[in-house]
file entry-v9.txt (compact mmCIF, C-alpha atoms)
# COMPACT_ATOMS: atom_id res chain seq x y z
CA MET A 5 18.10 -29.58 50.61
CA PRO A 6 21.41 -29.81 52.46
CA GLU A 7 22.50 -26.61 54.08
CA THR A 8 24.20 -24.33 51.64
CA PRO A 9 25.84 -21.07 52.51
CA GLU A 10 23.79 -18.09 51.39
CA MET A 11 24.75 -16.71 48.04
CA THR A 12 26.33 -13.27 48.21
CA LEU A 13 24.42 -10.47 46.54
CA ASN A 14 27.28 -10.02 44.11
CA ALA A 15 27.15 -13.68 43.06
CA ALA A 16 23.37 -13.45 42.71
CA LEU A 17 23.63 -10.34 40.58
CA PHE A 18 26.25 -11.98 38.34
CA GLU A 19 23.97 -14.99 37.89
CA TRP A 20 20.98 -12.76 37.13
CA LEU A 21 22.93 -10.68 34.60
CA LEU A 22 24.03 -13.87 32.82
CA ARG A 23 20.38 -14.85 32.52
CA MET A 24 19.45 -11.51 30.97
CA GLY A 25 22.44 -11.54 28.63
CA ASP A 26 22.16 -15.20 27.67
CA ASN A 27 18.46 -14.82 26.85
CA THR A 28 19.19 -12.01 24.42
CA LEU A 29 22.35 -13.67 23.07
CA ILE A 30 20.78 -17.02 22.27
CA LEU A 31 17.54 -15.57 20.92
CA GLY A 32 19.52 -13.02 18.91
CA HIS A 33 21.63 -15.81 17.42
CA ARG A 34 18.57 -17.89 16.64
CA VAL A 35 16.83 -14.99 14.90
CA SER A 36 20.00 -14.16 12.96
CA GLU A 37 19.84 -17.65 11.43
CA TRP A 38 16.97 -16.32 9.29
CA CYS A 39 19.21 -13.80 7.57
CA GLY A 40 18.87 -14.46 3.84
CA HIS A 41 16.13 -17.07 4.38
CA ALA A 42 13.02 -15.11 5.42
CA PRO A 43 9.84 -15.42 3.34
CA VAL A 44 10.11 -11.88 1.94
CA LEU A 45 12.90 -9.33 1.77
CA GLU A 46 11.14 -6.87 4.09
CA GLU A 47 10.74 -9.56 6.76
CA ASP A 48 14.34 -10.64 6.30
CA ILE A 49 15.55 -7.16 7.16
CA ALA A 50 13.10 -6.81 10.05
CA LEU A 51 14.31 -10.09 11.55
CA ALA A 52 17.94 -9.08 11.13
CA ASN A 53 17.18 -5.78 12.89
CA THR A 54 15.62 -7.66 15.79
CA ALA A 55 18.62 -9.98 16.01
CA LEU A 56 21.00 -7.03 16.01
CA ASP A 57 19.02 -5.27 18.75
CA LEU A 58 19.21 -8.38 20.89
CA ILE A 59 22.92 -8.89 20.30
CA GLY A 60 23.51 -5.22 21.14
CA GLN A 61 21.65 -5.70 24.42
CA THR A 62 23.75 -8.79 25.08
CA GLN A 63 26.92 -6.72 24.94
CA LEU A 64 25.52 -4.46 27.66
CA TRP A 65 24.24 -7.25 29.94
CA LEU A 66 27.26 -9.51 29.61
CA GLY A 67 29.61 -6.53 29.79
CA LEU A 68 28.08 -5.61 33.13
CA ALA A 69 28.13 -9.26 34.21
CA GLY A 70 31.88 -9.38 33.61
CA GLU A 71 32.34 -6.18 35.57
CA VAL A 72 30.27 -7.48 38.49
CA GLU A 73 32.13 -10.78 38.50
CA GLY A 74 35.41 -8.88 38.72
CA LYS A 75 37.61 -11.53 37.13
CA GLY A 76 38.40 -9.58 34.03
CA ARG A 77 36.05 -11.47 31.69
CA SER A 78 34.65 -9.35 28.86
CA ALA A 79 31.25 -9.75 27.18
CA ASP A 80 33.04 -11.57 24.34
CA ASN A 81 34.75 -13.95 26.76
CA LEU A 82 31.42 -14.79 28.34
CA ALA A 83 29.66 -15.26 25.00
CA TYR A 84 32.31 -17.29 23.21
CA LEU A 85 34.24 -19.18 25.85
CA ARG A 86 31.62 -20.72 28.11
CA ASP A 87 30.27 -24.23 27.65
CA ALA A 88 26.57 -25.06 27.49
CA SER A 89 26.24 -25.85 31.19
CA ALA A 90 27.45 -22.34 32.06
CA PHE A 91 24.71 -20.71 29.97
CA ARG A 92 21.73 -19.36 31.90
CA ASN A 93 19.12 -18.63 29.22
CA VAL A 94 15.59 -20.02 29.48
CA LEU A 95 14.90 -23.04 27.29
CA LEU A 96 12.33 -21.11 25.22
CA VAL A 97 14.95 -19.04 23.41
CA GLU A 98 17.05 -22.02 22.30
CA ARG A 99 14.06 -23.76 20.68
CA PRO A 100 14.64 -24.36 16.97
CA ASN A 101 13.40 -21.77 14.48
CA GLY A 102 11.03 -24.23 12.81
CA ASP A 103 8.84 -22.50 10.26
CA PHE A 104 8.24 -18.75 10.24
CA GLY A 105 5.20 -19.22 12.50
CA GLN A 106 7.26 -20.97 15.15
CA THR A 107 9.95 -18.31 15.08
CA LEU A 108 7.31 -15.63 15.32
CA MET A 109 5.40 -17.25 18.17
CA ARG A 110 8.61 -17.83 20.17
CA GLN A 111 9.47 -14.16 19.62
CA PHE A 112 6.06 -12.96 20.71
CA LEU A 113 5.95 -15.07 23.88
CA PHE A 114 9.43 -13.82 24.79
CA ASP A 115 8.84 -10.17 23.81
CA ALA A 116 5.74 -9.96 26.02
CA TRP A 117 7.86 -11.00 29.03
CA HIS A 118 10.90 -8.99 27.95
CA LEU A 119 9.09 -5.66 27.69
CA ASP A 120 7.47 -5.99 31.13
CA MET A 121 10.81 -6.97 32.64
CA LEU A 122 12.64 -4.01 31.10
CA LYS A 123 9.90 -1.57 32.11
CA ALA A 124 10.18 -2.74 35.71
CA LEU A 125 13.99 -2.57 35.57
CA ARG A 126 13.91 1.14 34.83
CA GLN A 127 13.18 1.50 38.57
CA SER A 128 16.12 -0.69 39.53
CA THR A 129 18.15 0.40 42.55
CA ASP A 130 21.23 -0.38 40.46
CA GLY A 131 21.74 2.57 38.09
CA ARG A 132 23.71 0.47 35.60
CA VAL A 133 20.81 -1.96 35.25
CA ALA A 134 18.29 0.89 34.94
CA ASP A 135 20.37 2.50 32.17
CA ILE A 136 20.52 -0.69 30.10
CA ALA A 137 16.79 -1.24 30.58
CA GLU A 138 15.99 2.31 29.51
CA LYS A 139 17.82 1.85 26.24
CA ALA A 140 16.65 -1.71 25.53
CA GLN A 141 13.03 -0.96 26.39
CA LYS A 142 12.55 1.21 23.29
CA GLU A 143 13.86 -1.52 21.02
CA VAL A 144 11.80 -4.21 22.66
CA ALA A 145 8.60 -2.15 22.60
CA TYR A 146 8.93 -2.26 18.81
CA HIS A 147 9.75 -5.99 18.81
CA LEU A 148 6.53 -6.67 20.70
CA GLU A 149 4.46 -4.38 18.52
CA ARG A 150 5.70 -6.21 15.46
CA SER A 151 5.48 -9.78 16.74
CA ALA A 152 2.03 -9.25 18.30
CA ASP A 153 0.76 -7.69 15.07
CA LEU A 154 2.04 -10.58 12.97
CA VAL A 155 0.68 -13.21 15.37
CA ILE A 156 -2.76 -11.61 15.04
CA ARG A 157 -2.53 -11.31 11.26
CA LEU A 158 -1.39 -14.89 10.74
CA GLY A 159 -3.47 -16.45 13.51
CA ASP A 160 -6.55 -14.74 12.10
CA GLY A 161 -5.34 -15.15 8.53
CA SER A 162 -5.73 -18.08 6.16
CA GLN A 163 -6.54 -21.62 7.29
CA GLU A 164 -2.95 -22.60 6.67
CA SER A 165 -1.43 -19.70 8.63
CA HIS A 166 -3.89 -20.29 11.50
CA ARG A 167 -2.96 -23.96 11.64
CA ARG A 168 0.76 -23.18 11.73
CA LEU A 169 0.44 -20.52 14.42
CA GLN A 170 -1.73 -22.77 16.61
CA ALA A 171 0.82 -25.58 16.22
CA ALA A 172 3.61 -23.17 17.16
CA LEU A 173 1.71 -22.03 20.24
CA ASP A 174 1.08 -25.65 21.28
CA ASP A 175 4.80 -26.40 20.83
CA HIS A 176 6.19 -23.46 22.76
CA TRP A 177 3.60 -23.11 25.50
CA SER A 178 5.21 -25.48 27.99
CA TYR A 179 8.47 -23.51 27.71
CA THR A 180 7.00 -20.21 28.90
CA GLY A 181 6.52 -21.09 32.58
CA GLU A 182 10.26 -21.01 33.25
CA LEU A 183 10.25 -17.24 32.82
CA PHE A 184 8.22 -16.88 36.01
CA VAL A 185 9.94 -19.32 38.34
CA GLY A 186 12.43 -17.66 40.64
CA ASP A 187 15.27 -19.22 42.60
CA GLU A 188 17.69 -17.97 45.22
CA ALA A 189 19.55 -15.67 42.84
CA ASP A 190 16.27 -14.09 41.67
CA GLU A 191 15.12 -13.66 45.26
CA GLN A 192 18.33 -11.99 46.37
CA VAL A 193 18.30 -9.60 43.47
CA ALA A 194 14.62 -8.83 44.06
CA LYS A 195 15.20 -8.25 47.77
CA ALA A 196 17.89 -5.70 46.91
CA GLY A 197 15.43 -3.91 44.62
CA ILE A 198 17.59 -4.55 41.56
CA ALA A 199 14.96 -6.52 39.63
CA PRO A 200 11.35 -7.62 40.09
CA ALA A 201 10.79 -11.13 41.48
CA ALA A 202 10.27 -13.57 38.60
CA GLU A 203 6.70 -14.49 39.62
CA THR A 204 5.49 -10.89 39.74
CA LEU A 205 5.64 -10.57 35.95
CA GLN A 206 3.27 -13.42 35.23
CA GLY A 207 -0.02 -11.54 35.67
CA SER A 208 0.63 -8.84 33.14
CA TRP A 209 2.27 -11.31 30.73
CA SER A 210 -0.85 -13.48 30.84
CA ASN A 211 -3.01 -10.44 30.11
CA THR A 212 -0.92 -9.28 27.16
CA VAL A 213 -0.63 -12.77 25.70
CA GLY A 214 -4.31 -13.52 26.35
CA GLU A 215 -5.49 -10.42 24.51
CA VAL A 216 -3.28 -11.05 21.50
CA LEU A 217 -4.16 -14.74 21.28
CA GLN A 218 -7.84 -13.91 21.45
CA ALA A 219 -7.53 -11.39 18.64
CA ALA A 220 -5.53 -14.00 16.73
CA THR A 221 -8.28 -16.62 17.27
CA LEU A 222 -5.68 -18.91 18.86
CA THR A 223 -6.16 -21.02 21.98
CA ALA A 224 -3.47 -21.55 24.60
CA PRO A 225 -3.13 -25.15 25.81
CA GLU A 226 -4.77 -25.94 29.16
CA SER A 227 -1.71 -27.66 30.60
CA SER A 228 0.35 -25.75 33.12
CA PHE A 229 3.27 -28.19 32.86
CA SER A 230 6.50 -26.33 32.39
CA HIS A 231 9.94 -27.38 31.15
CA LYS A 232 12.66 -25.88 33.32
CA GLY A 233 16.40 -26.01 33.70
CA GLY A 234 17.91 -23.40 31.42
CA LYS A 235 18.26 -20.85 34.22
CA ARG A 236 20.54 -23.23 36.11
CA GLY A 237 22.45 -24.53 33.11
CA ILE A 238 20.48 -27.66 32.26
CA HIS A 239 19.72 -27.23 28.58
CA THR A 240 18.09 -29.06 25.71
CA GLU A 241 20.34 -30.61 23.09
CA HIS A 242 19.67 -27.62 20.82
CA LEU A 243 21.96 -25.26 22.74
CA GLY A 244 25.06 -27.33 21.94
CA TYR A 245 24.47 -26.91 18.22
CA ILE A 246 23.97 -23.17 18.61
CA LEU A 247 27.22 -22.84 20.54
CA ALA A 248 29.13 -24.99 18.06
CA ASP A 249 28.08 -22.59 15.34
CA MET A 250 28.46 -19.40 17.35
CA GLN A 251 31.71 -20.20 19.17
CA PHE A 252 33.60 -22.09 16.47
CA LEU A 253 35.75 -19.19 15.34
CA GLN A 254 36.94 -18.14 18.80
CA ARG A 255 37.54 -21.74 19.81
CA ALA A 256 39.49 -22.63 16.69
CA TYR A 257 41.36 -19.33 16.43
CA PRO A 258 41.52 -17.91 19.97
CA GLY A 259 41.59 -14.13 20.06
CA ALA A 260 40.90 -13.74 16.33
CA THR A 261 39.67 -10.26 15.44
CA TRP A 262 38.81 -8.44 12.23
CA MET B 16 -6.89 -11.89 -4.68
CA SER B 17 -3.35 -11.67 -5.94
CA LYS B 18 -0.73 -13.53 -3.92
CA GLU B 19 1.77 -10.77 -4.51
CA TRP B 20 1.68 -7.93 -1.98
CA PRO B 21 1.13 -4.49 -3.52
CA LEU B 22 4.01 -2.10 -4.00
CA TRP B 23 4.32 1.00 -1.81
CA GLU B 24 6.38 4.13 -2.24
CA VAL B 25 8.14 5.33 0.89
CA PHE B 26 8.78 8.94 1.89
CA ILE B 27 10.88 9.85 4.91
CA ARG B 28 11.27 13.19 6.66
CA GLY B 29 14.87 13.36 7.76
CA GLN B 30 14.64 16.23 10.23
CA HIS B 31 11.96 18.52 11.51
CA GLY B 32 11.41 21.31 9.02
CA LEU B 33 12.53 19.37 5.96
CA ASN B 34 10.16 17.87 3.42
CA HIS B 35 9.43 14.18 3.18
CA ARG B 36 11.69 12.72 0.50
CA HIS B 37 11.13 9.68 -1.64
CA VAL B 38 13.59 7.00 -0.49
CA GLY B 39 12.43 3.88 -2.32
CA SER B 40 9.70 1.29 -2.43
CA LEU B 41 8.73 -2.00 -0.82
CA HIS B 42 6.02 -4.66 -0.72
CA ALA B 43 3.45 -4.92 2.07
CA PRO B 44 -0.09 -6.27 2.47
CA ASP B 45 -1.49 -2.98 3.81
CA ALA B 46 -0.56 0.55 4.89
CA GLU B 47 0.16 -0.34 8.50
CA MET B 48 2.59 -3.09 7.53
CA ALA B 49 4.08 -0.84 4.86
CA ILE B 50 5.00 1.69 7.57
CA LYS B 51 6.51 -1.03 9.77
CA ASN B 52 8.47 -2.44 6.83
CA ALA B 53 9.60 1.05 5.88
CA ARG B 54 10.85 1.57 9.40
CA ASP B 55 12.89 -1.62 9.15
CA VAL B 56 14.13 -1.22 5.60
CA TYR B 57 14.75 2.52 5.36
CA THR B 58 15.39 3.95 8.85
CA ARG B 59 18.03 1.55 10.17
CA ARG B 60 20.62 4.31 10.37
CA ASN B 61 18.47 6.80 12.21
CA GLU B 62 17.38 8.58 9.06
CA GLY B 63 13.91 9.72 9.97
CA VAL B 64 11.41 11.46 12.18
CA SER B 65 8.36 10.66 10.05
CA ILE B 66 7.32 8.13 7.40
CA TRP B 67 4.72 8.41 4.66
CA VAL B 68 3.72 5.50 2.45
CA VAL B 69 1.46 5.50 -0.55
CA GLU B 70 0.50 2.63 -2.77
CA SER B 71 2.45 3.00 -5.99
CA LYS B 72 -0.66 2.56 -8.13
CA ASN B 73 -2.06 5.77 -6.62
CA ILE B 74 0.72 7.90 -8.03
CA ALA B 75 -0.08 9.63 -11.32
CA ALA B 76 3.04 10.23 -13.38
CA SER B 77 3.95 12.22 -16.46
CA ALA B 78 4.75 10.12 -19.53
CA PRO B 79 8.45 9.95 -20.42
CA SER B 80 7.49 10.12 -24.13
CA GLU B 81 6.09 13.62 -23.58
CA LYS B 82 9.37 14.87 -22.22
CA GLY B 83 9.86 17.20 -25.19
CA PRO B 84 6.59 19.14 -25.09
CA LEU B 85 6.60 19.18 -21.28
CA PHE B 86 10.11 20.34 -20.51
CA GLU B 87 11.98 21.56 -23.55
CA PRO B 88 10.10 24.85 -23.99
CA SER B 89 11.61 26.15 -20.76
CA ASN B 90 15.16 25.50 -22.04
CA SER B 91 15.23 28.65 -24.11
CA LYS B 92 13.73 30.89 -21.45
CA VAL B 93 16.79 31.79 -19.44
CA TYR B 94 15.03 34.88 -18.09
CA ARG B 95 13.02 32.57 -15.84
CA HIS B 96 16.18 32.00 -13.81
CA PRO B 97 16.78 34.79 -11.32
CA THR B 98 20.35 35.29 -12.48
CA PHE B 99 19.98 38.84 -13.78
CA PHE B 100 19.87 40.58 -10.44
CA ASP B 101 22.84 42.26 -8.83
CA ILE B 102 23.00 41.04 -5.29
CA PRO B 103 24.65 43.41 -2.80
CA ASP B 104 27.72 41.91 -1.12
CA ASP B 105 26.16 42.42 2.31
CA VAL B 106 23.52 39.79 1.54
CA GLY B 107 26.17 37.09 1.50
CA HIS B 108 25.52 33.61 0.19
CA MET B 109 22.03 32.96 -1.11

call {"tool": "encode", "arguments": {"input": "entry-v9.txt", "output": "structure tokens"}}
result
Amino acid sequence: MPETPEMTLNAALFEWLLRMGDNTLILGHRVSEWCGHAPVLEEDIALANTALDLIGQTQLWLGLAGEVEGKGRSADNLAYLRDASAFRNVLLVERPNGDFGQTLMRQFLFDAWHLDMLKALRQSTDGRVADIAEKAQKEVAYHLERSADLVIRLGDGSQESHRRLQAALDDHWSYTGELFVGDEADEQVAKAGIAPAAETLQGSWSNTVGEVLQAATLTAPESSFSHKGGKRGIHTEHLGYILADMQFLQRAYPGATW
Amino acid sequence: MSKEWPLWEVFIRGQHGLNHRHVGSLHAPDAEMAIKNARDVYTRRNEGVSIWVVESKNIAASAPSEKGPLFEPSNSKVYRHPTFFDIPDDVGHM
């Protein structure tokens, strides 16, 4: 690597907050795509609730990101007026919904990481981060309870549901590693005690996921290969379609409100 | 086994001290899922502190056709209403 000047803590924190906010924004949008399409009414409402929780958390993370950046950008600005390469979410959350099993497995793999992250953030040296984590943690504890329960029920359910859940696990597995790979921004923020280092969350995630998969009679792939790039703005083609859908209104009618 | 999930009746306690009230029904494969679904369907606006669910088939109900014999006899017995007592003003609203 050529010599690069060290990132300031403020720049690192901004970057880290975008990652938190973009994860919840993109996953929230993805989950909201189920509204009106879920297999049963009860599940439709549960999915919409999850999407709303995530979008609510996005407002807090991106709101704080804008404040930290100090250029007057609001959470809405950041959500609706950035291009794909400026998004910092992990690739896992932009994966297509697929069937209900794929949506559910993606949710579970993310929830297991999300809850551990938020629990650790309650001890953040930055009070604003700790406050957001405190609030979000209660919502996410329920998300994980629900997604883990459904993964077990469907994994250990009928032949058909088992097959679909195993296929979903095989599909998503190589996208989970990115959650635990830190870079300079992560390191800076960890050094300042604002957030745990990315790698430190892997042990407990593996335990949680391992227990649930075992109960669900599902087997994680052996491969440790991991797709990466989302955290530095290199995305799959799926993100562009999400943004086209999500940002259309603000792009076509700037400043529109209702 | 039927492919249709059984129907559950949902009761929510709004605040400590109040009774659980019937709020509606939903479908779920078992009691645990019925409680989760009830949480998502019926407590989205912070309505509750406690949820009960019971499978609808376990509720015994009076027959609407027996409405006359069951309820009409009490119509003519106004003395069963405590409206014949003079309440002192000091008691205030009861």

call {"tool": "closest_residue", "arguments": {"input": "entry-v9.txt", "among": "B:Ser65, B:Ser71, B:Thr98, B:Ser77", "to": "Arg36 of chain B", "atoms": "all atoms listed in the file"}}
result
B:Ser65

call {"tool": "interface_residues", "arguments": {"input": "entry-v9.txt", "of": "chain A", "to": "chain B", "cutoff": "8 Å", "atoms": "only C-alpha atoms", "output": "PDB file with C-alpha atoms, keeping the file's coordinate frame"}}
result
ATOM      1  CA  GLU A  46      11.140  -6.870   4.090  1.00  0.00           C
ATOM      2  CA  GLU A  47      10.740  -9.560   6.760  1.00  0.00           C
ATOM      3  CA  ILE A  49      15.550  -7.160   7.160  1.00  0.00           C
ATOM      4  CA  ALA A  50      13.100  -6.810  10.050  1.00  0.00           C
ATOM      5  CA  ASN A  53      17.180  -5.780  12.890  1.00  0.00           C
ATOM      6  CA  ARG A 150       5.700  -6.210  15.460  1.00  0.00           C
TER       7      ARG A 150
END

call {"tool": "residues_around", "arguments": {"input": "entry-v9.txt", "residues": "His239 of chain A", "least_positions_apart": "6", "cutoff": "10 Å", "atoms": "all atoms listed in the file", "output": "compact mmCIF listing (two decimals) with C-alpha atoms, keeping the file's coordinate frame"}}
result
# COMPACT_ATOMS: atom_id res chain seq x y z
CA ALA A 88 26.57 -25.06 27.49
CA SER A 89 26.24 -25.85 31.19
CA ALA A 90 27.45 -22.34 32.06
CA PHE A 91 24.71 -20.71 29.97
CA ARG A 92 21.73 -19.36 31.90
CA ASN A 93 19.12 -18.63 29.22
CA VAL A 94 15.59 -20.02 29.48
CA LEU A 95 14.90 -23.04 27.29
CA GLU A 98 17.05 -22.02 22.30
CA LYS A 232 12.66 -25.88 33.32
CA GLY A 233 16.40 -26.01 33.70

call {"tool": "atom_distance", "arguments": {"input": "entry-v9.txt", "atom1": "atom CA of Val97 of chain A", "atom2": "atom CA of Gly234 of chain A"}}
result
9.6 Å

call {"tool": "residues_around", "arguments": {"input": "entry-v9.txt", "residues": "Glu24 of chain B", "least_positions_apart": "5", "cutoff": "8 Å", "atoms": "all atoms listed in the file", "output": "VMD selection string"}}
result
chain B and resid 37 to 41 68 to 71

call {"tool": "atom_distance", "arguments": {"input": "entry-v9.txt", "atom1": "atom CA of Ser178 of chain A", "atom2": "atom CA of Pro225 of chain A"}}
result
8.6 Å

call {"tool": "closest_residue", "arguments": {"input": "entry-v9.txt", "among": "A:Asp48, A:Asp57, A:Glu164, A:Asp190", "to": "Asn14 of chain A", "atoms": "only C-alpha atoms"}}
result
A:Asp190

call {"tool": "closest_residue", "arguments": {"input": "entry-v9.txt", "among": "A:Trp20, A:Phe184, A:Tyr245, A:Phe229", "to": "Val72 of chain A", "atoms": "all atoms listed in the file"}}
result
A:Trp20

call {"tool": "atom_distance", "arguments": {"input": "entry-v9.txt", "atom1": "atom CA of Ala15 of chain A", "atom2": "atom CA of Ala134 of chain A"}}
result
18.9 Å
